[in-house]
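Peer 1: So here's query.txt, just compact mmCIF, C-alpha atoms:
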```txt
# COMPACT_ATOMS: atom_id res chain seq x y z
CA MET A 1 120.53 91.80 57.57
CA PRO A 2 118.85 92.59 60.88
CA GLU A 3 120.99 92.46 63.99
CA VAL A 4 117.96 91.73 66.18
CA VAL A 5 114.92 89.64 65.29
CA VAL A 6 111.86 89.87 67.51
CA VAL A 7 109.25 87.12 67.17
CA GLY A 8 105.82 88.33 68.29
CA GLY A 9 103.92 91.47 67.37
CA GLY A 10 102.10 92.29 70.60
CA LEU A 11 102.92 95.08 72.98
CA ALA A 12 105.94 93.28 74.47
CA GLY A 13 107.44 92.51 71.06
CA CYS A 14 106.86 96.01 69.71
CA TRP A 15 108.33 97.59 72.83
CA ALA A 16 111.43 95.39 72.63
CA ALA A 17 111.85 96.15 68.93
CA VAL A 18 111.45 99.89 69.39
CA THR A 19 113.88 99.99 72.33
CA ALA A 20 116.53 98.14 70.32
CA ALA A 21 115.91 100.24 67.19
CA ARG A 22 116.24 103.49 69.13
CA ALA A 23 119.66 102.26 70.29
CA GLY A 24 120.71 102.23 66.66
CA LEU A 25 120.28 98.55 65.84
CA GLN A 26 118.74 97.06 62.72
CA VAL A 27 115.60 95.26 63.91
CA ALA A 28 113.07 92.99 62.23
CA LEU A 29 109.81 91.98 63.91
CA VAL A 30 108.10 88.80 62.74
CA ARG A 31 104.42 88.37 63.47
CA ARG A 32 101.75 86.19 61.97
CA GLY A 33 98.90 88.64 62.56
CA PRO A 34 97.25 90.67 65.33
CA ALA A 35 98.62 89.53 68.68
CA ALA A 36 96.83 89.01 71.98
CA THR A 37 97.16 92.74 72.73
CA ALA A 38 94.46 93.31 70.11
CA VAL A 39 91.94 91.36 72.20
CA SER A 40 92.94 92.91 75.53
CA SER A 41 91.07 95.58 77.49
CA GLY A 42 93.68 98.13 76.42
CA ALA A 43 94.50 99.06 80.04
CA LEU A 44 98.18 99.07 80.92
CA ASP A 45 98.95 98.48 84.60
CA LEU A 46 102.46 98.10 85.98
CA VAL A 47 100.97 96.38 89.02
CA PRO A 48 97.73 94.40 89.41
CA PRO A 49 94.77 96.81 89.72
CA GLY A 50 93.94 95.52 93.19
CA GLU A 51 97.40 96.56 94.40
CA ALA A 52 97.47 99.90 92.61
CA THR A 53 97.10 102.12 95.67
CA ASP A 54 100.06 100.48 97.46
CA PRO A 55 102.46 99.38 94.72
CA GLY A 56 105.51 99.64 96.94
CA GLY A 57 104.00 97.23 99.47
CA TRP A 58 103.06 94.78 96.73
CA LEU A 59 106.54 94.95 95.24
CA GLY A 60 108.07 94.34 98.66
CA ARG A 61 106.06 91.11 99.03
CA LEU A 62 106.63 89.93 95.49
CA ALA A 63 110.03 88.25 95.91
CA ARG A 64 108.64 86.19 98.79
CA GLU A 65 105.21 85.39 97.37
CA VAL A 66 105.96 85.03 93.63
CA PRO A 67 109.73 84.57 93.22
CA ASP A 68 109.40 83.72 89.52
CA HIS A 69 107.66 87.02 88.69
CA PRO A 70 109.58 88.93 85.97
CA TYR A 71 109.99 91.95 88.25
CA VAL A 72 112.16 89.94 90.67
CA ALA A 73 113.20 86.67 88.95
CA GLY A 74 116.90 86.02 88.47
CA GLY A 75 118.02 88.85 90.75
CA VAL A 76 116.62 91.53 88.45
CA GLU A 77 116.49 95.13 89.68
CA PRO A 78 112.71 95.67 90.00
CA PRO A 79 110.88 98.88 89.16
CA ALA A 80 111.76 101.52 91.73
CA PRO A 81 109.07 101.72 94.46
CA GLY A 82 109.25 105.50 94.28
CA GLU A 83 108.41 105.42 90.59
CA LEU A 84 105.46 103.13 91.26
CA GLU A 85 104.26 105.38 94.08
CA ALA A 86 104.44 108.36 91.73
CA GLU A 87 102.47 106.36 89.18
CA ALA A 88 99.86 105.59 91.86
CA ARG A 89 99.28 109.32 92.38
CA ARG A 90 98.45 109.67 88.68
CA LEU A 91 96.00 106.77 88.57
CA ALA A 92 92.62 107.29 86.99
CA PHE A 93 89.60 105.86 88.77
CA VAL A 94 87.45 104.37 86.02
CA ALA A 95 84.32 102.26 85.67
CA ALA A 96 84.01 99.06 83.66
CA VAL A 97 81.11 97.51 81.81
CA THR A 98 81.02 94.86 84.55
CA GLY A 99 80.01 97.54 87.05
CA GLN A 100 83.37 97.40 88.77
CA THR A 101 85.36 100.53 89.51
CA ARG A 102 89.12 100.38 89.68
CA HIS A 103 92.32 102.35 89.45
CA ALA A 104 94.10 102.21 86.12
CA GLY A 105 97.69 103.13 85.38
CA VAL A 106 97.65 103.94 81.67
CA VAL A 107 94.51 103.91 79.54
CA LEU A 108 93.50 105.54 76.29
CA GLU A 109 92.34 109.16 76.52
CA SER A 110 88.84 108.05 75.59
CA ILE A 111 88.73 106.02 78.83
CA ALA A 112 90.73 108.41 81.01
CA ALA A 113 88.16 111.11 80.23
CA GLY A 114 85.80 109.11 82.43
CA ASP A 115 87.95 109.51 85.55
CA LEU A 116 85.46 109.49 88.42
CA HIS A 117 87.69 111.52 90.72
CA GLY A 118 85.86 114.80 91.28
CA ALA A 119 82.86 113.82 89.16
CA GLY A 120 79.52 114.86 90.67
CA ARG A 121 76.88 113.43 88.33
CA VAL A 122 77.46 110.63 85.86
CA ALA A 123 75.19 109.19 83.18
CA VAL A 124 75.81 105.63 81.98
CA ALA A 125 74.54 105.11 78.45
CA GLY A 126 73.28 101.83 77.08
CA ILE A 127 72.57 101.05 73.43
CA PRO A 128 69.82 98.56 72.52
CA GLY A 129 71.28 95.45 70.92
CA LEU A 130 74.64 95.73 72.69
CA LEU A 131 73.79 92.97 75.10
CA ARG A 132 76.85 92.91 77.33
CA VAL A 133 76.31 96.50 78.52
CA ASP A 134 73.55 96.88 81.12
CA SER A 135 73.56 100.60 81.82
CA ALA A 136 71.15 100.38 84.75
CA ALA A 137 73.24 97.74 86.52
CA ILE A 138 76.46 99.66 85.84
CA ALA A 139 75.00 102.92 87.18
CA ALA A 140 73.76 101.17 90.31
CA ALA A 141 77.14 99.53 90.86
CA ILE A 142 79.01 102.83 90.45
CA ALA A 143 76.71 104.51 92.96
CA GLU A 144 77.14 101.64 95.43
CA ARG A 145 80.88 101.22 95.08
CA SER A 146 81.74 104.91 95.03
CA GLY A 147 80.30 105.70 98.46
CA ASP A 148 80.46 109.48 98.65
CA GLY A 149 81.52 109.60 95.00
CA PRO A 150 79.46 110.53 91.96
CA ALA A 151 75.72 110.06 91.62
CA ALA A 152 75.07 107.83 88.62
CA ARG A 153 71.98 107.17 86.55
CA ALA A 154 71.29 105.17 83.43
CA VAL A 155 70.13 106.46 80.06
CA VAL A 156 69.29 104.51 76.92
CA LEU A 157 70.39 105.71 73.49
CA ASP A 158 68.96 104.59 70.19
CA PRO A 159 70.97 106.34 67.48
CA ALA A 160 70.23 105.52 63.84
CA LEU A 161 73.87 104.79 63.04
CA PRO A 162 75.03 104.45 59.43
CA GLY A 163 75.87 100.99 58.17
CA VAL A 164 74.14 99.04 60.96
CA ASP A 165 71.86 96.53 59.24
CA GLU A 166 68.48 96.07 60.91
CA SER A 167 68.94 92.30 60.70
CA VAL A 168 71.77 92.45 63.26
CA ALA A 169 70.54 95.41 65.28
CA GLY A 170 69.49 93.13 68.13
CA ASP A 171 72.86 91.38 68.41
CA LEU A 172 75.52 94.06 68.15
CA ASP A 173 79.17 94.01 69.15
CA ASP A 174 81.57 96.80 70.08
CA ALA A 175 83.52 96.69 66.81
CA THR A 176 80.42 96.98 64.61
CA LEU A 177 79.18 99.98 66.56
CA ALA A 178 82.64 101.55 66.67
CA ARG A 179 82.88 101.44 62.88
CA ALA A 180 79.38 102.90 62.57
CA VAL A 181 80.10 105.73 65.00
CA GLU A 182 83.37 106.50 63.21
CA ALA A 183 81.67 106.72 59.81
CA SER A 184 80.58 110.02 58.35
CA GLY A 185 77.69 111.35 60.40
CA GLY A 186 77.83 108.51 62.95
CA ALA A 187 79.44 110.45 65.79
CA GLU A 188 77.02 113.30 65.24
CA MET A 189 74.04 110.93 65.42
CA LEU A 190 75.39 109.50 68.68
CA GLY A 191 75.82 113.03 70.05
CA GLU A 192 72.22 113.89 69.17
CA ALA A 193 70.98 110.73 70.89
CA ILE A 194 72.92 111.64 74.05
CA ALA A 195 71.54 115.18 74.11
CA SER A 196 68.01 113.85 73.64
CA ALA A 197 68.37 111.22 76.38
CA LEU A 198 69.69 113.74 78.89
CA GLY A 199 66.86 116.14 78.15
CA GLY A 200 68.80 119.15 79.38
CA GLU A 201 69.92 117.53 82.65
CA ALA A 202 73.42 118.62 83.67
CA VAL A 203 75.95 115.82 84.14
CA ASP A 204 79.73 115.88 84.35
CA VAL A 205 80.36 112.95 82.02
CA VAL A 206 78.47 110.38 79.99
CA LEU A 207 80.02 106.92 80.12
CA LEU A 208 79.59 104.96 76.89
CA PRO A 209 80.45 101.44 75.78
CA ALA A 210 83.81 101.31 73.99
CA VAL A 211 82.39 102.39 70.63
CA LEU A 212 84.22 105.65 69.87
CA GLY A 213 85.76 104.34 66.67
CA LEU A 214 88.65 102.01 65.89
CA ASP A 215 91.09 104.35 64.16
CA ASP A 216 90.66 107.84 65.68
CA PRO A 217 88.93 107.67 69.07
CA ASP A 218 90.02 111.16 70.09
CA GLY A 219 88.63 112.70 66.91
CA VAL A 220 85.40 110.71 67.21
CA ARG A 221 85.02 111.72 70.86
CA ALA A 222 85.44 115.39 69.94
CA ARG A 223 82.75 115.05 67.26
CA VAL A 224 80.33 113.43 69.70
CA GLU A 225 80.97 116.05 72.39
CA SER A 226 80.50 118.94 69.98
CA VAL A 227 76.91 117.81 69.34
CA ALA A 228 76.05 116.34 72.76
CA GLY A 229 77.33 119.39 74.63
CA VAL A 230 78.81 117.22 77.40
CA ARG A 231 82.02 115.32 78.08
CA VAL A 232 81.86 111.68 77.02
CA ALA A 233 84.13 108.76 77.81
CA GLU A 234 84.31 105.02 77.32
CA LEU A 235 83.81 102.38 79.96
CA LEU A 236 86.71 100.02 80.51
CA SER A 237 85.73 96.86 78.65
CA PRO A 238 86.78 93.24 79.08
CA PRO A 239 88.48 91.64 76.09
CA PRO A 240 87.95 91.65 73.24
CA SER A 241 87.54 95.40 73.03
CA ALA A 242 87.97 98.28 70.62
CA PRO A 243 90.61 99.90 72.91
CA GLY A 244 92.68 96.71 72.74
CA TRP A 245 92.58 96.82 68.95
CA ARG A 246 93.58 100.50 68.97
CA LEU A 247 96.49 99.79 71.32
CA ALA A 248 97.77 96.97 69.13
CA ARG A 249 97.66 99.16 66.04
CA ALA A 250 99.37 102.02 67.86
CA ALA A 251 102.16 99.68 69.02
CA GLU A 252 102.83 98.48 65.48
CA ALA A 253 102.75 102.06 64.17
CA MET A 254 105.29 103.02 66.84
CA ALA A 255 107.56 100.20 65.67
CA ARG A 256 107.32 101.30 62.04
CA ARG A 257 108.16 104.90 62.97
CA ALA A 258 111.25 103.64 64.80
CA GLY A 259 112.45 101.96 61.61
CA VAL A 260 111.60 98.38 62.57
CA GLU A 261 111.04 96.06 59.60
CA ILE A 262 107.69 94.29 60.01
CA VAL A 263 107.61 90.78 58.53
CA THR A 264 104.22 89.07 58.33
CA GLY A 265 104.25 85.31 58.58
CA SER A 266 104.68 82.36 60.89
CA VAL A 267 108.02 81.10 62.14
CA ALA A 268 108.77 77.58 60.92
CA GLY A 269 111.97 77.06 62.87
CA ILE A 270 115.00 78.58 64.55
CA ARG A 271 118.57 77.68 63.61
CA ARG A 272 121.17 77.27 66.32
CA ALA A 273 124.94 76.91 66.29
CA GLU A 274 126.35 75.67 69.59
CA ARG A 275 125.05 78.12 72.23
CA ARG A 276 123.74 80.79 69.87
CA VAL A 277 120.71 81.44 67.69
CA VAL A 278 121.87 82.26 64.17
CA ALA A 279 118.68 82.58 62.11
CA VAL A 280 114.89 82.51 62.07
CA GLU A 281 113.18 80.50 59.35
CA ALA A 282 109.85 81.88 58.14
CA ALA A 283 107.07 79.56 56.99
CA GLY A 284 107.31 80.95 53.45
CA GLY A 285 110.91 79.86 53.10
CA ASP A 286 112.67 83.14 53.91
CA THR A 287 115.51 83.12 56.43
CA LEU A 288 116.39 86.03 58.71
CA SER A 289 119.91 85.82 60.09
CA CYS A 290 120.37 87.55 63.42
CA GLU A 291 122.82 88.29 66.20
CA VAL A 292 120.13 88.46 68.90
CA LEU A 293 116.71 86.80 69.07
CA VAL A 294 113.88 88.10 71.26
CA LEU A 295 110.91 85.81 71.88
CA ALA A 296 107.71 87.76 72.61
CA THR A 297 105.35 85.03 71.48
CA GLY A 298 102.84 85.28 74.32
CA LYS A 299 101.19 82.37 76.04
CA TYR A 300 98.43 80.12 74.66
CA LEU A 301 96.47 82.68 72.63
CA GLY A 302 99.59 84.04 70.96
CA GLY A 303 101.08 80.60 70.30
CA GLY A 304 104.05 81.01 72.63
CA LEU A 305 102.91 77.89 74.49
CA THR A 306 100.98 74.93 73.16
CA GLY A 307 98.19 73.33 75.15
CA ASP A 308 99.42 69.75 74.96
CA ARG A 309 99.24 67.24 77.80
CA ARG A 310 101.73 69.58 79.42
CA PRO A 311 102.40 73.15 78.23
CA ARG A 312 105.26 73.27 75.75
CA GLU A 313 107.30 76.05 74.15
CA PRO A 314 107.24 75.00 70.47
CA LEU A 315 110.06 76.92 68.80
CA LEU A 316 113.06 75.96 70.93
CA GLY A 317 111.65 73.56 73.49
CA LEU A 318 112.60 75.94 76.30
CA PRO A 319 112.24 74.76 79.90
CA LEU A 320 108.97 75.93 81.48
CA PHE A 321 108.20 76.60 85.13
CA THR A 322 105.15 77.30 87.23
CA GLY A 323 105.13 78.12 90.92
CA GLY A 324 108.89 77.60 90.96
CA VAL A 325 108.58 74.00 89.71
CA ALA A 326 109.64 72.64 86.33
CA VAL A 327 106.55 71.87 84.25
CA ASP A 328 108.03 68.63 82.89
CA THR A 329 108.04 67.20 86.43
CA LEU A 330 104.29 67.78 86.86
CA GLY A 331 101.34 65.69 85.81
CA PRO A 332 98.29 67.16 84.09
CA ARG A 333 96.35 67.17 87.37
CA ASP A 334 99.09 69.22 89.01
CA LEU A 335 98.54 71.98 86.46
CA VAL A 336 94.88 72.59 87.28
CA GLU A 337 93.40 73.64 90.61
CA ARG A 338 89.81 72.66 91.35
CA THR A 339 88.79 76.19 92.20
CA ARG A 340 86.94 78.75 90.17
CA PHE A 341 88.65 81.99 91.14
CA GLY A 342 92.04 80.80 92.36
CA PRO A 343 95.36 80.80 90.52
CA GLN A 344 95.76 78.08 87.90
CA PRO A 345 99.30 76.66 87.53
CA PHE A 346 98.96 76.10 83.78
CA LEU A 347 98.09 79.77 83.25
CA ALA A 348 101.17 80.91 85.19
CA ALA A 349 103.46 78.51 83.29
CA GLY A 350 106.20 80.11 81.25
CA VAL A 351 109.88 80.73 80.70
CA ARG A 352 112.04 81.67 83.68
CA THR A 353 114.70 84.29 82.95
CA ASP A 354 117.80 85.80 84.50
CA ALA A 355 118.22 89.49 85.28
CA GLU A 356 118.91 90.27 81.60
CA GLY A 357 115.79 88.48 80.38
CA ARG A 358 117.62 85.40 79.05
CA PRO A 359 115.69 82.11 79.44
CA VAL A 360 117.35 79.82 81.97
CA ASP A 361 117.31 76.14 82.82
CA GLY A 362 116.56 74.52 86.17
CA PHE A 363 120.00 75.52 87.48
CA GLY A 364 119.56 79.17 86.54
CA ALA A 365 122.00 79.04 83.61
CA PRO A 366 121.11 80.74 80.29
CA VAL A 367 119.89 78.24 77.72
CA LEU A 368 121.37 80.22 74.81
CA ASP A 369 123.76 83.17 74.98
CA ASN A 370 121.93 85.50 72.59
CA LEU A 371 118.31 84.62 73.34
CA LEU A 372 115.96 86.93 75.26
CA ALA A 373 112.29 86.62 76.22
CA CYS A 374 109.61 89.04 77.35
CA GLY A 375 105.87 89.49 77.84
CA ALA A 376 103.28 86.84 78.64
CA LEU A 377 105.69 84.03 77.66
CA LEU A 378 107.41 84.53 81.01
CA ALA A 379 106.66 82.43 84.08
CA ALA A 380 104.31 83.82 86.78
CA VAL A 381 102.51 86.13 84.33
CA ASP A 382 98.82 85.24 84.62
CA THR A 383 96.49 88.11 83.76
CA THR A 384 93.23 86.18 83.89
CA LEU A 385 92.41 87.02 87.49
CA ARG A 386 94.64 89.84 88.71
CA GLY A 387 95.37 91.78 85.52
CA GLY A 388 98.46 93.90 84.99
CA GLY A 389 99.75 91.88 82.06
CA LEU A 390 100.28 94.75 79.61
CA GLY A 391 102.37 96.62 82.17
CA VAL A 392 104.59 93.56 82.54
CA ALA A 393 104.72 93.35 78.75
CA THR A 394 106.05 96.88 78.36
CA TRP A 395 108.52 96.62 81.24
CA THR A 396 109.98 93.29 80.15
CA GLY A 397 109.89 94.34 76.49
CA ALA A 398 111.97 97.42 77.29
CA ARG A 399 114.37 95.26 79.33
CA ALA A 400 114.77 92.86 76.41
CA GLY A 401 115.43 95.73 74.00
CA ARG A 402 118.10 97.18 76.29
CA ALA A 403 119.67 93.75 76.79
CA ALA A 404 119.76 93.22 73.03
CA ALA A 405 121.63 96.50 72.66
CA ARG A 406 124.15 95.51 75.33
CA LEU A 407 124.73 92.18 73.60
CA ARG A 408 125.61 94.20 70.49
CA GLY A 409 127.90 96.47 72.47
CA VAL A 410 125.81 99.63 72.33
CA ALA A 411 123.99 101.62 75.00
CA ALA A 412 120.22 101.90 75.10
CA ALA A 413 118.22 104.71 76.64
```
I'd like the structure from this file rewritten - as structure tokens, please.
Peer 2:
Amino acid sequence: MPEVVVVGGGLAGCWAAVTAARAGLQVALVRRGPAATAVSSGALDLVPPGEATDPGGWLGRLAREVPDHPYVAGGVEPPAPGELEAEARRLAFVAAVTGQTRHAGVVLESIAAGDLHGAGRVAVAGIPGLLRVDSAAIAAAIAERSGDGPAARAVVLDPALPGVDESVAGDLDDATLARAVEASGGAEMLGEAIASALGGEAVDVVLLPAVLGLDDPDGVRARVESVAGVRVAELLSPPPSAPGWRLARAAEAMARRAGVEIVTGSVAGIRRAERRVVAVEAAGGDTLSCEVLVLATGKYLGGGLTGDRRPREPLLGLPLFTGGVAVDTLGPRDLVERTRFGPQPFLAAGVRTDAEGRPVDGFGAPVLDNLLACGALLAAVDTTLRGGGLGVATWTGARAGRAAARLRGVAAA
């Protein structure tokens, strides 16, 4: 019987499960399929990208500006400013397919290889049929936004990749190309196309769409570079992206290596006895008894909240808050702002927690004694405009895992 059951298989859930398992607990993770992490950009930021160069200042304002944020809600001890400042010194400066350049905390090696710090000449490669990547516009944006940074120019590649049917060659997506590049001979064909497009011109790095495979991006990148004769890297891509899929698979693999039992299926219900959760009921009829339950069910995409007339947490009917106000006191019009790029209350809605990560009611009291929550389910986590959601997922997931260990009377690293 597992001591801890985690519901939700995204980055937050996997991180919570691994943290608890490494403390010596028996952990089961229930997930119905790939979580929202799989359709993310794959970038992991502890703070919003726009605040990355001054994380200590942002953290200092957070309690005043967003008191429900998981870093400060319930009197929690936030990440140490010194640690965030140290992280800021390690930031990569990367380009995205939108033409934006930004600092990134943790990204896959295939993206980090495109760090523009110190780069002199950059080539941005487009592939015909991959419509959302305009290499000329991206190169122009990099040159404009970088100031005295790298000189960038566009090149167009037309590799004859294996497995790409001519009938869909004009309407390609990242995943199709990633599989083709990963196939036998695909990376080599891409490398030849890069070498041909450059025509002997010396550049420091070639920035590609996120197509360097789905399973082994580092191995694929090495194959491409061995033929192209130049360093290659992937552009940061908006979701859904191949890097997001890789990150989700890596998180689940990490959980399996830690000894976490992975259970595939939906959760039909949760049994309670007085102030405790006692079991999780799977849709197939199986029951997992537990001493601690961790909810890492995400927001709307993951199923952690339902998009009814008002947002609702479906498994336990937990109280939800947005902007410090209980959602059940708001009307539908209060949950939507008539602005295109401003914060939307319904997207920031979620569960408010205490310092341990236990969901609380309107008076700040824990709803259940052995229930924890983490990730995008939490109030004030809205990644649609400012980003930083995966960093919050890992930090709150680790907090939930440590809290689960304490509830079982053991120490967690």
Peer 1: Find the spatial neighbours of Ile138 in chain A, counting only C-alpha atoms, within a cut-off of 10 Å - ignore same-chain residues fewer than 5 positions away - and output them as a ChimeraX atom specification.
Peer 2: /A:95-101,123-126,133,143-144,152-154,207,235
Peer 1: Tell me, in Å to one decimal, how far CA of Glu261 in chain A is from CA of Ala20 in chain A.
Peer 2: 12.2 Å
Peer 1: Using only C-alpha atoms, determine which residues lie at most 12 Å from Val18 in chain A, disregarding the query and same-chain residues fewer than 3 positions distant; provide the list as an mmCIF file with C-alpha atoms, in the coordinates of the input.
Peer 2:
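Output saved as selection23.cif:
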```cif
data_model
loop_
_atom_site.group_PDB
_atom_site.id
_atom_site.type_symbol
_atom_site.label_atom_id
_atom_site.label_comp_id
_atom_site.auth_asym_id
_atom_site.auth_seq_id
_atom_site.Cartn_x
_atom_site.Cartn_y
_atom_site.Cartn_z
ATOM 1 C CA VAL A 4 117.960 91.730 66.180
ATOM 2 C CA VAL A 5 114.920 89.640 65.290
ATOM 3 C CA VAL A 6 111.860 89.870 67.510
ATOM 4 C CA GLY A 9 103.920 91.470 67.370
ATOM 5 C CA LEU A 11 102.920 95.080 72.980
ATOM 6 C CA ALA A 12 105.940 93.280 74.470
ATOM 7 C CA GLY A 13 107.440 92.510 71.060
ATOM 8 C CA CYS A 14 106.860 96.010 69.710
ATOM 9 C CA TRP A 15 108.330 97.590 72.830
ATOM 10 C CA ALA A 21 115.910 100.240 67.190
ATOM 11 C CA ARG A 22 116.240 103.490 69.130
ATOM 12 C CA ALA A 23 119.660 102.260 70.290
ATOM 13 C CA GLY A 24 120.710 102.230 66.660
ATOM 14 C CA LEU A 25 120.280 98.550 65.840
ATOM 15 C CA GLN A 26 118.740 97.060 62.720
ATOM 16 C CA VAL A 27 115.600 95.260 63.910
ATOM 17 C CA ALA A 28 113.070 92.990 62.230
ATOM 18 C CA LEU A 29 109.810 91.980 63.910
ATOM 19 C CA ALA A 251 102.160 99.680 69.020
ATOM 20 C CA GLU A 252 102.830 98.480 65.480
ATOM 21 C CA ALA A 253 102.750 102.060 64.170
ATOM 22 C CA MET A 254 105.290 103.020 66.840
ATOM 23 C CA ALA A 255 107.560 100.200 65.670
ATOM 24 C CA ARG A 256 107.320 101.300 62.040
ATOM 25 C CA ARG A 257 108.160 104.900 62.970
ATOM 26 C CA ALA A 258 111.250 103.640 64.800
ATOM 27 C CA GLY A 259 112.450 101.960 61.610
ATOM 28 C CA VAL A 260 111.600 98.380 62.570
ATOM 29 C CA GLU A 261 111.040 96.060 59.600
ATOM 30 C CA ILE A 262 107.690 94.290 60.010
ATOM 31 C CA THR A 394 106.050 96.880 78.360
ATOM 32 C CA GLY A 397 109.890 94.340 76.490
ATOM 33 C CA ALA A 398 111.970 97.420 77.290
ATOM 34 C CA ARG A 399 114.370 95.260 79.330
ATOM 35 C CA ALA A 400 114.770 92.860 76.410
ATOM 36 C CA GLY A 401 115.430 95.730 74.000
ATOM 37 C CA ARG A 402 118.100 97.180 76.290
ATOM 38 C CA ALA A 404 119.760 93.220 73.030
ATOM 39 C CA ALA A 405 121.630 96.500 72.660
ATOM 40 C CA ALA A 412 120.220 101.900 75.100
ATOM 41 C CA ALA A 413 118.220 104.710 76.640
#
```
Peer 1: Counting all atoms listed in the file, which residue out of A:Ser266, A:Ser226, A:Thr297, A:Thr306 sits closest to Ala35 in chain A?
Peer 2: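 The answer is A:Thr297, which sits nearest to Ala35 in chain A.
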Peer 1: Write out as a list in words the residues lying within 6 Å of Thr264 in chain A, counting only C-alpha atoms and excluding same-chain residues fewer than 6 positions away.
Peer 2: Val30, Arg31 and Arg32 of chain A
Peer 1: Using C-alpha atoms, can you export the residues from the last selection as a short mmCIF file (atom, residue, chain, number, x, y, z; two decimals), keeping the file's coordinate frame?
Peer 2:
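The file below, out-v8.cif, is the result:
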```
data_model
loop_
_atom_site.label_atom_id
_atom_site.label_comp_id
_atom_site.auth_asym_id
_atom_site.auth_seq_id
_atom_site.Cartn_x
_atom_site.Cartn_y
_atom_site.Cartn_z
CA VAL A 30 108.10 88.80 62.74
CA ARG A 31 104.42 88.37 63.47
CA ARG A 32 101.75 86.19 61.97
#
```
